[in-house]
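Peer 1: My structure is below; once you've seen it, I'll send some questions.
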Amino acid sequence: MCLRIKFCMLRNALKGSRLPPSPSREGGTAHGRIQKRRRRRREVKVHNGMDVSSDKVEKLLCLCSLISGNLGMTSEAHSTYSEEEDGDEEAMAYYDDDDLDAFADEDLDCSCEEGVLGLSDPFGGEVKPRILLMGLRRSGKSSIQKVVFHKMSPNETLFLESTNKICREDVSNSSFVSFQIWDFPGQIDFFDPTFDYEMIFRGTGALIFVIDSQDDYVEALSRLHLTVTRAYKVNPNINFEVFIHKVDGLSDDHKIEKQRDIHKRANDDLADAALERIHLSFYLTSIYDHSIFEAFSKVVQKLIPQLPTLENLLNIFISNSGIEKAFLFDVVSKIYIATDSSPVDMQTYELCCDMIDVVIDISCIYGLTGEEAGIPYDKESMAIIRLNNTTVMYLKEVTKFLALVCFLREESFERKGQRVFVCQGHKFSQLPGHGSDPVACIF
Ligand SMILES: Nc1nc2c(ncn2[C@@H]2O[C@H](COP(=O)(O)OP(=O)(O)OP(=O)(O)O)[C@@H](O)[C@H]2O)c(=O)[nH]1
């Protein structure tokens, strides 16, 4: 199926009509205000769309695809898998709000254990890394999971009920983004003999401890200490990630102050227990902006064994292409799984998320014909957006769930005389009429 963003329609849509609410655009007052402010800050113009694709981009895409493919899911491979295993192409229909729920429910294997105390060994043969969400009651654990992985609007989390069972969810968007999330009820009694915490921590890759920054955090810190020390004894390889959460209600100065205080107290507690070797990473997060997605990106990246290879590829890619910044994104969760070594700022990250939203929304509205319904993102998907500060953004599909998003200066953005290559499975093939030299590629 050929799916291409229709740029004239995109331009019209951006100028005149209102885009339908995408999961990340709709939302609560705080989130809505942030989004509105951000939209005012910049004027998004759409480049005169053409089939532009540099051979360097294609080379990188192919390599990324290969790395991904070695893990079992290239675009093609995944399509086959979906058809054979699921028999349901509509699994990709997460792009519109109604279908989103269907996607989330159908594709995410979400189950809740019958209470903490009744947990038997559910991990027979489990190989996916496990991410645990822990913290006091009402700290925001379930909200984080729902907003990041179910595209729930932040305001809807106000109506979430308290979790009283361990909820497990399989997230398998791509070979890179493939793990289990365990959402724990607020209070877990480590001393309860029927709660087998050793078995839980043994297979854990990351433990996210959520602290409500708008609340008194003394109890949360002692709980963090207890949890971390217990987990470390069982499995010293766990990454300990502390989300200082709900910072949307705090001023910038207050945020920094809270982070410094929590950081100091948590590390002092570890030093007092002679456990300085335990490393805690801290993040300021809120479900009302992109900070939660950025923090989750960093947590997930640490669990990707191929991360150094991907980063190297992106570094080589930008050093040879005039591109200033490149990200590899999981389009479903908007987690970026790798970027080059230059620093990431929040605004750049937000722009990438917005671009993914625009591409998917416009594809859904204008890119599908009747018989193609259901797959608004495929190997033909690409988009170019010119911002009003002479920066060009470029998005290209890598695999069914991955996108390469790049930033480059307008002057580096050449559209003429380029050879166009497409990545077909594991091979480059050259499109007729676009230059004569084949691209060298090592498989
Ligand atoms: N202001 C603000 N509120 C948030 C944020 N994240 C979650 N909340 C709110 O915090 C409340 C509790 O959220 P939950 O996700 O149910 O908390 P939980 O940690 O899963 O709670 P338990 O299931 O009882 O352990 C809800 O009203 C959410 O709307 C945030 O980033 N900012």
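Please note that chains go A, B, ... in the order of the structure tokens, that every chain numbers its residues from 1, and that ligands are numbered from 1 in the order shown.
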Taking only C-alpha atoms and all ligand atoms and a cut-off of 9 Å, can you tell me which residues surround ligand 1, written as an mmCIF file with all heavy atoms, in the first residue's frame?

Peer 2:
```cif
data_model
loop_
_atom_site.group_PDB
_atom_site.id
_atom_site.type_symbol
_atom_site.label_atom_id
_atom_site.label_comp_id
_atom_site.auth_asym_id
_atom_site.auth_seq_id
_atom_site.Cartn_x
_atom_site.Cartn_y
_atom_site.Cartn_z
ATOM 1 N N ALA A 30 -3.978 22.344 32.188
ATOM 2 C CA ALA A 30 -2.543 22.646 32.211
ATOM 3 C C ALA A 30 -1.913 22.218 30.906
ATOM 4 O O ALA A 30 -1.217 22.986 30.238
ATOM 5 C CB ALA A 30 -1.888 21.929 33.381
ATOM 6 N N LEU A 133 6.848 -0.135 38.246
ATOM 7 C CA LEU A 133 6.407 1.205 38.671
ATOM 8 C C LEU A 133 6.003 1.120 40.128
ATOM 9 O O LEU A 133 5.019 0.452 40.468
ATOM 10 C CB LEU A 133 5.202 1.643 37.847
ATOM 11 C CG LEU A 133 5.460 2.322 36.512
ATOM 12 C CD1 LEU A 133 4.167 2.436 35.726
ATOM 13 C CD2 LEU A 133 6.068 3.705 36.701
ATOM 14 N N MET A 134 6.783 1.733 40.998
ATOM 15 C CA MET A 134 6.499 1.660 42.434
ATOM 16 C C MET A 134 6.438 3.053 43.029
ATOM 17 O O MET A 134 6.929 4.006 42.433
ATOM 18 C CB MET A 134 7.579 0.831 43.133
ATOM 19 C CG MET A 134 7.572 -0.630 42.736
ATOM 20 S SD MET A 134 8.824 -1.540 43.626
ATOM 21 C CE MET A 134 7.988 -3.085 43.874
ATOM 22 N N GLY A 135 5.879 3.157 44.211
ATOM 23 C CA GLY A 135 5.769 4.453 44.886
ATOM 24 C C GLY A 135 4.556 4.442 45.790
ATOM 25 O O GLY A 135 3.763 3.486 45.759
ATOM 26 N N LEU A 136 4.389 5.495 46.557
ATOM 27 C CA LEU A 136 3.257 5.553 47.484
ATOM 28 C C LEU A 136 1.939 5.661 46.728
ATOM 29 O O LEU A 136 1.918 5.968 45.533
ATOM 30 C CB LEU A 136 3.393 6.761 48.417
ATOM 31 C CG LEU A 136 4.610 6.784 49.348
ATOM 32 C CD1 LEU A 136 4.489 7.952 50.318
ATOM 33 C CD2 LEU A 136 4.762 5.479 50.122
ATOM 34 N N ARG A 137 0.868 5.442 47.459
ATOM 35 C CA ARG A 137 -0.471 5.592 46.864
ATOM 36 C C ARG A 137 -0.653 6.989 46.308
ATOM 37 O O ARG A 137 -0.171 7.961 46.862
ATOM 38 C CB ARG A 137 -1.537 5.365 47.937
ATOM 39 C CG ARG A 137 -1.781 3.919 48.236
ATOM 40 C CD ARG A 137 -3.207 3.657 48.705
ATOM 41 N NE ARG A 137 -3.377 2.224 48.983
ATOM 42 C CZ ARG A 137 -3.553 1.299 48.037
ATOM 43 N NH1 ARG A 137 -3.587 1.658 46.769
ATOM 44 N NH2 ARG A 137 -3.690 0.032 48.354
ATOM 45 N N ARG A 138 -1.347 7.093 45.213
ATOM 46 C CA ARG A 138 -1.712 8.363 44.552
ATOM 47 C C ARG A 138 -0.509 9.171 44.067
ATOM 48 O O ARG A 138 -0.614 10.369 43.817
ATOM 49 C CB ARG A 138 -2.583 9.248 45.473
ATOM 50 C CG ARG A 138 -3.743 8.553 46.132
ATOM 51 C CD ARG A 138 -4.714 7.960 45.159
ATOM 52 N NE ARG A 138 -5.500 8.951 44.429
ATOM 53 C CZ ARG A 138 -6.140 8.688 43.274
ATOM 54 N NH1 ARG A 138 -6.032 7.496 42.718
ATOM 55 N NH2 ARG A 138 -6.831 9.623 42.686
ATOM 56 N N SER A 139 0.649 8.520 43.966
ATOM 57 C CA SER A 139 1.824 9.272 43.498
ATOM 58 C C SER A 139 1.765 9.497 41.986
ATOM 59 O O SER A 139 2.435 10.388 41.464
ATOM 60 C CB SER A 139 3.115 8.542 43.884
ATOM 61 O OG SER A 139 3.084 7.212 43.422
ATOM 62 N N GLY A 140 0.975 8.679 41.287
ATOM 63 C CA GLY A 140 0.791 8.903 39.849
ATOM 64 C C GLY A 140 1.273 7.768 38.959
ATOM 65 O O GLY A 140 1.397 7.937 37.742
ATOM 66 N N LYS A 141 1.486 6.585 39.520
ATOM 67 C CA LYS A 141 2.043 5.457 38.755
ATOM 68 C C LYS A 141 1.136 5.029 37.600
ATOM 69 O O LYS A 141 1.572 4.937 36.453
ATOM 70 C CB LYS A 141 2.280 4.249 39.696
ATOM 71 C CG LYS A 141 3.184 4.544 40.865
ATOM 72 C CD LYS A 141 3.314 3.374 41.800
ATOM 73 C CE LYS A 141 2.051 3.037 42.554
ATOM 74 N NZ LYS A 141 1.598 4.080 43.510
ATOM 75 N N SER A 142 -0.136 4.772 37.944
ATOM 76 C CA SER A 142 -1.041 4.295 36.888
ATOM 77 C C SER A 142 -1.240 5.370 35.833
ATOM 78 O O SER A 142 -1.360 5.068 34.636
ATOM 79 C CB SER A 142 -2.404 3.908 37.469
ATOM 80 O OG SER A 142 -2.227 3.025 38.537
ATOM 81 N N SER A 143 -1.281 6.641 36.272
ATOM 82 C CA SER A 143 -1.462 7.730 35.306
ATOM 83 C C SER A 143 -0.314 7.729 34.298
ATOM 84 O O SER A 143 -0.532 7.911 33.093
ATOM 85 C CB SER A 143 -1.488 9.080 36.013
ATOM 86 O OG SER A 143 -2.425 9.076 37.034
ATOM 87 N N ILE A 144 0.898 7.549 34.782
ATOM 88 C CA ILE A 144 2.060 7.539 33.894
ATOM 89 C C ILE A 144 1.900 6.444 32.849
ATOM 90 O O ILE A 144 2.055 6.649 31.647
ATOM 91 C CB ILE A 144 3.365 7.332 34.711
ATOM 92 C CG1 ILE A 144 3.623 8.551 35.587
ATOM 93 C CG2 ILE A 144 4.540 7.027 33.797
ATOM 94 C CD1 ILE A 144 4.772 8.392 36.574
ATOM 95 N N GLN A 145 1.546 5.261 33.333
ATOM 96 C CA GLN A 145 1.417 4.128 32.411
ATOM 97 C C GLN A 145 0.313 4.372 31.381
ATOM 98 O O GLN A 145 0.479 4.111 30.189
ATOM 99 C CB GLN A 145 1.116 2.874 33.228
ATOM 100 C CG GLN A 145 1.167 1.611 32.407
ATOM 101 C CD GLN A 145 0.523 0.457 33.131
ATOM 102 O OE1 GLN A 145 -0.058 0.644 34.207
ATOM 103 N NE2 GLN A 145 0.612 -0.711 32.569
ATOM 104 N N LYS A 146 -0.802 4.909 31.858
ATOM 105 C CA LYS A 146 -1.933 5.133 30.944
ATOM 106 C C LYS A 146 -1.619 6.225 29.925
ATOM 107 O O LYS A 146 -1.991 6.122 28.759
ATOM 108 C CB LYS A 146 -3.198 5.533 31.718
ATOM 109 C CG LYS A 146 -3.679 4.486 32.692
ATOM 110 C CD LYS A 146 -4.353 3.348 31.975
ATOM 111 C CE LYS A 146 -4.846 2.298 32.962
ATOM 112 N NZ LYS A 146 -5.130 1.021 32.374
ATOM 113 N N VAL A 147 -0.964 7.281 30.357
ATOM 114 C CA VAL A 147 -0.692 8.395 29.445
ATOM 115 C C VAL A 147 0.357 7.995 28.408
ATOM 116 O O VAL A 147 0.206 8.255 27.212
ATOM 117 C CB VAL A 147 -0.241 9.651 30.234
ATOM 118 C CG1 VAL A 147 0.319 10.715 29.308
ATOM 119 C CG2 VAL A 147 -1.415 10.220 31.026
ATOM 120 N N PRO A 154 -4.334 13.381 29.909
ATOM 121 C CA PRO A 154 -3.945 13.591 31.310
ATOM 122 C C PRO A 154 -5.137 13.861 32.224
ATOM 123 O O PRO A 154 -5.180 13.381 33.355
ATOM 124 C CB PRO A 154 -3.006 14.793 31.238
ATOM 125 C CG PRO A 154 -2.436 14.739 29.860
ATOM 126 C CD PRO A 154 -3.503 14.176 28.985
ATOM 127 N N ASN A 155 -6.134 14.588 31.707
ATOM 128 C CA ASN A 155 -7.276 14.900 32.559
ATOM 129 C C ASN A 155 -8.082 13.678 32.966
ATOM 130 O O ASN A 155 -8.685 13.648 34.026
ATOM 131 C CB ASN A 155 -8.201 15.879 31.842
ATOM 132 C CG ASN A 155 -7.916 17.284 32.295
ATOM 133 O OD1 ASN A 155 -7.024 17.498 33.120
ATOM 134 N ND2 ASN A 155 -8.629 18.246 31.771
ATOM 135 N N GLU A 156 -8.081 12.685 32.083
ATOM 136 C CA GLU A 156 -8.852 11.477 32.398
ATOM 137 C C GLU A 156 -8.273 10.725 33.585
ATOM 138 O O GLU A 156 -8.957 9.935 34.226
ATOM 139 C CB GLU A 156 -8.881 10.544 31.184
ATOM 140 C CG GLU A 156 -9.873 10.945 30.125
ATOM 141 C CD GLU A 156 -9.799 9.994 28.938
ATOM 142 O OE1 GLU A 156 -9.949 8.780 29.126
ATOM 143 O OE2 GLU A 156 -9.542 10.484 27.823
ATOM 144 N N THR A 157 -6.991 10.952 33.869
ATOM 145 C CA THR A 157 -6.375 10.205 34.974
ATOM 146 C C THR A 157 -6.974 10.611 36.317
ATOM 147 O O THR A 157 -6.815 9.901 37.294
ATOM 148 C CB THR A 157 -4.846 10.432 35.030
ATOM 149 O OG1 THR A 157 -4.588 11.825 35.313
ATOM 150 C CG2 THR A 157 -4.176 10.058 33.734
ATOM 151 N N LEU A 158 -7.670 11.757 36.323
ATOM 152 C CA LEU A 158 -8.321 12.183 37.564
ATOM 153 C C LEU A 158 -9.332 11.138 38.034
ATOM 154 O O LEU A 158 -9.657 11.043 39.208
ATOM 155 C CB LEU A 158 -9.044 13.525 37.346
ATOM 156 C CG LEU A 158 -8.139 14.741 37.141
ATOM 157 C CD1 LEU A 158 -8.942 15.916 36.612
ATOM 158 C CD2 LEU A 158 -7.449 15.102 38.450
ATOM 159 N N PHE A 159 -9.832 10.359 37.083
ATOM 160 C CA PHE A 159 -10.884 9.402 37.426
ATOM 161 C C PHE A 159 -10.354 7.974 37.601
ATOM 162 O O PHE A 159 -11.126 7.040 37.717
ATOM 163 C CB PHE A 159 -11.973 9.421 36.335
ATOM 164 C CG PHE A 159 -12.449 10.824 36.043
ATOM 165 C CD1 PHE A 159 -12.081 11.480 34.882
ATOM 166 C CD2 PHE A 159 -13.233 11.499 36.966
ATOM 167 C CE1 PHE A 159 -12.498 12.778 34.629
ATOM 168 C CE2 PHE A 159 -13.652 12.795 36.727
ATOM 169 C CZ PHE A 159 -13.285 13.445 35.554
ATOM 170 N N LEU A 160 -9.033 7.831 37.604
ATOM 171 C CA LEU A 160 -8.477 6.477 37.772
ATOM 172 C C LEU A 160 -8.704 5.996 39.198
ATOM 173 O O LEU A 160 -8.521 6.756 40.154
ATOM 174 C CB LEU A 160 -6.975 6.479 37.492
ATOM 175 C CG LEU A 160 -6.521 6.512 36.033
ATOM 176 C CD1 LEU A 160 -4.995 6.591 35.961
ATOM 177 C CD2 LEU A 160 -7.020 5.292 35.281
ATOM 178 N N GLU A 161 -9.050 4.737 39.286
ATOM 179 C CA GLU A 161 -9.233 4.187 40.631
ATOM 180 C C GLU A 161 -7.903 3.699 41.161
ATOM 181 O O GLU A 161 -6.991 3.378 40.398
ATOM 182 C CB GLU A 161 -10.230 3.036 40.570
ATOM 183 C CG GLU A 161 -11.608 3.556 40.297
ATOM 184 C CD GLU A 161 -12.681 2.521 40.511
ATOM 185 O OE1 GLU A 161 -12.360 1.399 40.926
ATOM 186 O OE2 GLU A 161 -13.845 2.849 40.241
ATOM 187 N N SER A 162 -7.823 3.634 42.456
ATOM 188 C CA SER A 162 -6.594 3.167 43.086
ATOM 189 C C SER A 162 -6.312 1.715 42.673
ATOM 190 O O SER A 162 -7.225 0.906 42.564
ATOM 191 C CB SER A 162 -6.777 3.258 44.599
ATOM 192 O OG SER A 162 -5.555 3.418 45.202
ATOM 193 N N THR A 163 -5.044 1.430 42.417
ATOM 194 C CA THR A 163 -4.665 0.065 42.011
ATOM 195 C C THR A 163 -4.556 -0.799 43.260
ATOM 196 O O THR A 163 -3.868 -0.421 44.204
ATOM 197 C CB THR A 163 -3.282 0.094 41.314
ATOM 198 O OG1 THR A 163 -3.264 1.172 40.391
ATOM 199 C CG2 THR A 163 -2.970 -1.201 40.621
ATOM 200 N N ASN A 164 -5.231 -1.940 43.245
ATOM 201 C CA ASN A 164 -5.061 -2.811 44.414
ATOM 202 C C ASN A 164 -4.481 -4.167 44.045
ATOM 203 O O ASN A 164 -4.419 -5.073 44.846
ATOM 204 C CB ASN A 164 -6.375 -2.973 45.195
ATOM 205 C CG ASN A 164 -7.491 -3.400 44.276
ATOM 206 O OD1 ASN A 164 -7.230 -3.854 43.157
ATOM 207 N ND2 ASN A 164 -8.729 -3.250 44.716
ATOM 208 N N LYS A 165 -4.078 -4.272 42.789
ATOM 209 C CA LYS A 165 -3.440 -5.510 42.336
ATOM 210 C C LYS A 165 -2.228 -5.136 41.504
ATOM 211 O O LYS A 165 -2.188 -4.038 40.946
ATOM 212 C CB LYS A 165 -4.376 -6.302 41.419
ATOM 213 C CG LYS A 165 -5.693 -6.645 41.993
ATOM 214 C CD LYS A 165 -6.627 -7.063 40.878
ATOM 215 C CE LYS A 165 -7.982 -7.422 41.465
ATOM 216 N NZ LYS A 165 -8.961 -7.744 40.435
ATOM 217 N N ASP A 183 2.714 -2.371 37.191
ATOM 218 C CA ASP A 183 2.225 -1.265 38.013
ATOM 219 C C ASP A 183 1.819 -1.845 39.373
ATOM 220 O O ASP A 183 0.930 -2.694 39.450
ATOM 221 C CB ASP A 183 1.023 -0.618 37.297
ATOM 222 C CG ASP A 183 0.444 0.539 38.079
ATOM 223 O OD1 ASP A 183 1.090 0.995 39.037
ATOM 224 O OD2 ASP A 183 -0.660 1.001 37.716
ATOM 225 N N PHE A 184 2.478 -1.377 40.408
ATOM 226 C CA PHE A 184 2.237 -1.927 41.751
ATOM 227 C C PHE A 184 1.239 -1.075 42.521
ATOM 228 O O PHE A 184 1.204 0.140 42.361
ATOM 229 C CB PHE A 184 3.549 -1.989 42.548
ATOM 230 C CG PHE A 184 4.406 -3.162 42.164
ATOM 231 C CD1 PHE A 184 5.090 -3.178 40.957
ATOM 232 C CD2 PHE A 184 4.519 -4.255 43.007
ATOM 233 C CE1 PHE A 184 5.865 -4.260 40.592
ATOM 234 C CE2 PHE A 184 5.302 -5.349 42.648
ATOM 235 C CZ PHE A 184 5.973 -5.347 41.448
ATOM 236 N N PRO A 185 0.474 -1.706 43.393
ATOM 237 C CA PRO A 185 -0.374 -0.912 44.287
ATOM 238 C C PRO A 185 0.517 -0.061 45.191
ATOM 239 O O PRO A 185 1.688 -0.391 45.399
ATOM 240 C CB PRO A 185 -1.117 -1.957 45.114
ATOM 241 C CG PRO A 185 -0.861 -3.256 44.472
ATOM 242 C CD PRO A 185 0.371 -3.147 43.653
ATOM 243 N N GLY A 186 -0.045 1.013 45.721
ATOM 244 C CA GLY A 186 0.758 1.954 46.509
ATOM 245 C C GLY A 186 1.605 1.312 47.592
ATOM 246 O O GLY A 186 2.807 1.497 47.634
ATOM 247 N N GLN A 187 0.989 0.563 48.450
ATOM 248 C CA GLN A 187 1.757 0.034 49.585
ATOM 249 C C GLN A 187 1.995 -1.446 49.407
ATOM 250 O O GLN A 187 1.058 -2.220 49.358
ATOM 251 C CB GLN A 187 0.985 0.261 50.897
ATOM 252 C CG GLN A 187 0.621 1.701 51.145
ATOM 253 C CD GLN A 187 1.828 2.571 51.472
ATOM 254 O OE1 GLN A 187 2.974 2.118 51.399
ATOM 255 N NE2 GLN A 187 1.594 3.822 51.810
ATOM 256 N N VAL A 210 8.166 6.413 41.926
ATOM 257 C CA VAL A 210 7.487 7.688 41.667
ATOM 258 C C VAL A 210 7.248 8.422 42.992
ATOM 259 O O VAL A 210 6.655 7.865 43.922
ATOM 260 C CB VAL A 210 6.138 7.445 40.942
ATOM 261 C CG1 VAL A 210 5.469 8.766 40.582
ATOM 262 C CG2 VAL A 210 6.351 6.599 39.685
ATOM 263 N N ILE A 211 7.728 9.670 43.049
ATOM 264 C CA ILE A 211 7.527 10.495 44.248
ATOM 265 C C ILE A 211 6.648 11.688 43.866
ATOM 266 O O ILE A 211 6.949 12.404 42.912
ATOM 267 C CB ILE A 211 8.876 11.005 44.798
ATOM 268 C CG1 ILE A 211 9.744 9.818 45.252
ATOM 269 C CG2 ILE A 211 8.662 11.984 45.955
ATOM 270 C CD1 ILE A 211 11.108 10.211 45.799
ATOM 271 N N ASP A 212 5.575 11.881 44.605
ATOM 272 C CA ASP A 212 4.676 13.025 44.362
ATOM 273 C C ASP A 212 5.339 14.289 44.916
ATOM 274 O O ASP A 212 5.448 14.461 46.136
ATOM 275 C CB ASP A 212 3.331 12.753 45.058
ATOM 276 C CG ASP A 212 2.325 13.882 44.832
ATOM 277 O OD1 ASP A 212 2.726 14.972 44.367
ATOM 278 O OD2 ASP A 212 1.139 13.662 45.136
ATOM 279 N N GLN A 214 4.279 17.216 44.892
ATOM 280 C CA GLN A 214 3.362 18.197 45.471
ATOM 281 C C GLN A 214 2.955 17.804 46.894
ATOM 282 O O GLN A 214 2.167 18.483 47.534
ATOM 283 C CB GLN A 214 2.116 18.338 44.592
ATOM 284 C CG GLN A 214 2.428 18.878 43.216
ATOM 285 C CD GLN A 214 1.177 19.105 42.380
ATOM 286 O OE1 GLN A 214 0.070 19.035 42.871
ATOM 287 N NE2 GLN A 214 1.365 19.382 41.100
ATOM 288 N N HIS A 245 7.649 13.490 40.526
ATOM 289 C CA HIS A 245 6.492 13.596 39.630
ATOM 290 C C HIS A 245 5.548 14.741 40.036
ATOM 291 O O HIS A 245 5.627 15.269 41.130
ATOM 292 C CB HIS A 245 5.756 12.248 39.652
ATOM 293 C CG HIS A 245 4.750 12.077 38.578
ATOM 294 N ND1 HIS A 245 5.012 12.314 37.251
ATOM 295 C CD2 HIS A 245 3.435 11.702 38.640
ATOM 296 C CE1 HIS A 245 3.923 12.093 36.544
ATOM 297 N NE2 HIS A 245 2.952 11.729 37.362
ATOM 298 N N LYS A 246 4.662 15.092 39.111
ATOM 299 C CA LYS A 246 3.651 16.170 39.262
ATOM 300 C C LYS A 246 4.324 17.534 39.403
ATOM 301 O O LYS A 246 3.859 18.380 40.158
ATOM 302 C CB LYS A 246 2.732 15.907 40.463
ATOM 303 C CG LYS A 246 2.037 14.544 40.451
ATOM 304 C CD LYS A 246 0.961 14.467 41.505
ATOM 305 C CE LYS A 246 0.439 13.045 41.652
ATOM 306 N NZ LYS A 246 -0.566 12.881 42.677
ATOM 307 N N VAL A 247 5.418 17.750 38.690
ATOM 308 C CA VAL A 247 6.122 19.028 38.832
ATOM 309 C C VAL A 247 5.423 20.163 38.071
ATOM 310 O O VAL A 247 5.881 21.299 38.117
ATOM 311 C CB VAL A 247 7.607 18.930 38.371
ATOM 312 C CG1 VAL A 247 8.406 18.035 39.291
ATOM 313 C CG2 VAL A 247 7.710 18.468 36.929
ATOM 314 N N ASP A 248 4.319 19.825 37.387
ATOM 315 C CA ASP A 248 3.594 20.887 36.662
ATOM 316 C C ASP A 248 3.092 21.979 37.597
ATOM 317 O O ASP A 248 2.892 23.108 37.201
ATOM 318 C CB ASP A 248 2.421 20.287 35.873
ATOM 319 C CG ASP A 248 1.625 19.295 36.703
ATOM 320 O OD1 ASP A 248 2.025 18.107 36.729
ATOM 321 O OD2 ASP A 248 0.644 19.679 37.331
ATOM 322 N N GLY A 249 2.915 21.636 38.865
ATOM 323 C CA GLY A 249 2.404 22.635 39.803
ATOM 324 C C GLY A 249 3.505 23.491 40.407
ATOM 325 O O GLY A 249 3.226 24.354 41.234
ATOM 326 N N THR A 285 9.213 15.031 36.333
ATOM 327 C CA THR A 285 8.211 14.571 35.357
ATOM 328 C C THR A 285 6.808 15.117 35.641
ATOM 329 O O THR A 285 6.476 15.471 36.766
ATOM 330 C CB THR A 285 8.113 13.020 35.339
ATOM 331 O OG1 THR A 285 7.812 12.565 36.656
ATOM 332 C CG2 THR A 285 9.379 12.379 34.844
ATOM 333 N N SER A 286 6.030 15.137 34.582
ATOM 334 C CA SER A 286 4.612 15.482 34.695
ATOM 335 C C SER A 286 3.897 14.844 33.506
ATOM 336 O O SER A 286 4.458 14.774 32.412
ATOM 337 C CB SER A 286 4.448 17.001 34.643
ATOM 338 O OG SER A 286 3.089 17.311 34.393
ATOM 339 N N ILE A 287 2.660 14.419 33.742
ATOM 340 C CA ILE A 287 1.906 13.866 32.616
ATOM 341 C C ILE A 287 1.319 14.977 31.753
ATOM 342 O O ILE A 287 0.772 14.719 30.694
ATOM 343 C CB ILE A 287 0.768 12.917 33.072
ATOM 344 C CG1 ILE A 287 -0.138 13.607 34.101
ATOM 345 C CG2 ILE A 287 1.319 11.614 33.601
ATOM 346 C CD1 ILE A 287 -1.412 12.841 34.407
ATOM 347 N N TYR A 288 1.418 16.232 32.220
ATOM 348 C CA TYR A 288 0.816 17.336 31.485
ATOM 349 C C TYR A 288 1.748 17.967 30.453
ATOM 350 O O TYR A 288 1.403 18.964 29.826
ATOM 351 C CB TYR A 288 0.303 18.403 32.458
ATOM 352 C CG TYR A 288 -0.948 17.935 33.165
ATOM 353 C CD1 TYR A 288 -0.869 17.399 34.451
ATOM 354 C CD2 TYR A 288 -2.183 17.988 32.545
ATOM 355 C CE1 TYR A 288 -2.008 16.945 35.099
ATOM 356 C CE2 TYR A 288 -3.323 17.539 33.179
ATOM 357 C CZ TYR A 288 -3.234 17.011 34.454
ATOM 358 O OH TYR A 288 -4.364 16.561 35.085
ATOM 359 N N ASP A 289 2.952 17.432 30.314
ATOM 360 C CA ASP A 289 3.821 17.886 29.223
ATOM 361 C C ASP A 289 4.638 16.687 28.733
ATOM 362 O O ASP A 289 4.339 15.539 29.086
ATOM 363 C CB ASP A 289 4.696 19.075 29.658
ATOM 364 C CG ASP A 289 5.572 18.739 30.847
ATOM 365 O OD1 ASP A 289 5.947 17.555 30.993
ATOM 366 O OD2 ASP A 289 5.883 19.648 31.639
ATOM 367 N N ILE A 292 7.320 13.422 30.815
ATOM 368 C CA ILE A 292 7.153 12.012 31.173
ATOM 369 C C ILE A 292 7.621 11.097 30.024
ATOM 370 O O ILE A 292 8.202 10.040 30.251
ATOM 371 C CB ILE A 292 5.694 11.694 31.603
ATOM 372 C CG1 ILE A 292 5.617 10.327 32.259
ATOM 373 C CG2 ILE A 292 4.715 11.765 30.453
ATOM 374 C CD1 ILE A 292 6.409 10.190 33.520
#
```

Peer 1: Quick one: residues within 9 Å of Ser178 in chain A, only C-alpha atoms, excluding same-chain residues fewer than 5 positions away - as a PyMOL selection string?

Peer 2: chain A and resi 128-129+170-173

Peer 1: Can you pull out every residue from range 221-393 of chain A that DSSP, working from the backbone, puts in strand (DSSP E), and format the result as a ChimeraX atom specification?

Peer 2: /A:239-245,280-284,323-330,335-339,382-387,391-393

Peer 1: What is the distance between CA of Gln301 in chain A and CA of Cys406 in chain A, in Å to one decimal?

Peer 2: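 Between CA of Gln301 in chain A and CA of Cys406 in chain A the gap is 18.5 Å.
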
Peer 1: Rounded to one decimal, what separation in Å do you get between CA of Ser297 in chain A and CA of Val148 in chain A?

Peer 2: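 Between CA of Ser297 in chain A and CA of Val148 in chain A the gap works out to 10.3 Å.
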
Peer 1: Record the distance separating CA of His150 in chain A and CA of Met346 in chain A, expressed in Å with one decimal.

Peer 2: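 The value is 22.0 Å.
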
Peer 1: Determine which residues of range 187-435 of chain A receive a DSSP assignment of alpha helix (DSSP H), computed from the backbone, and state them as a VMD selection string.

Peer 2: chain A and resid 197 to 202 218 to 234 252 to 272 291 to 301 307 to 321 346 to 362

Peer 1: Which residue, A:Leu408, A:Ala295, A:Leu270, A:Leu387, has the smallest gap to Ser319 in chain A when you use only C-alpha atoms?

Peer 2: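 Of all the options, A:Leu408 lies closest to Ser319 in chain A.
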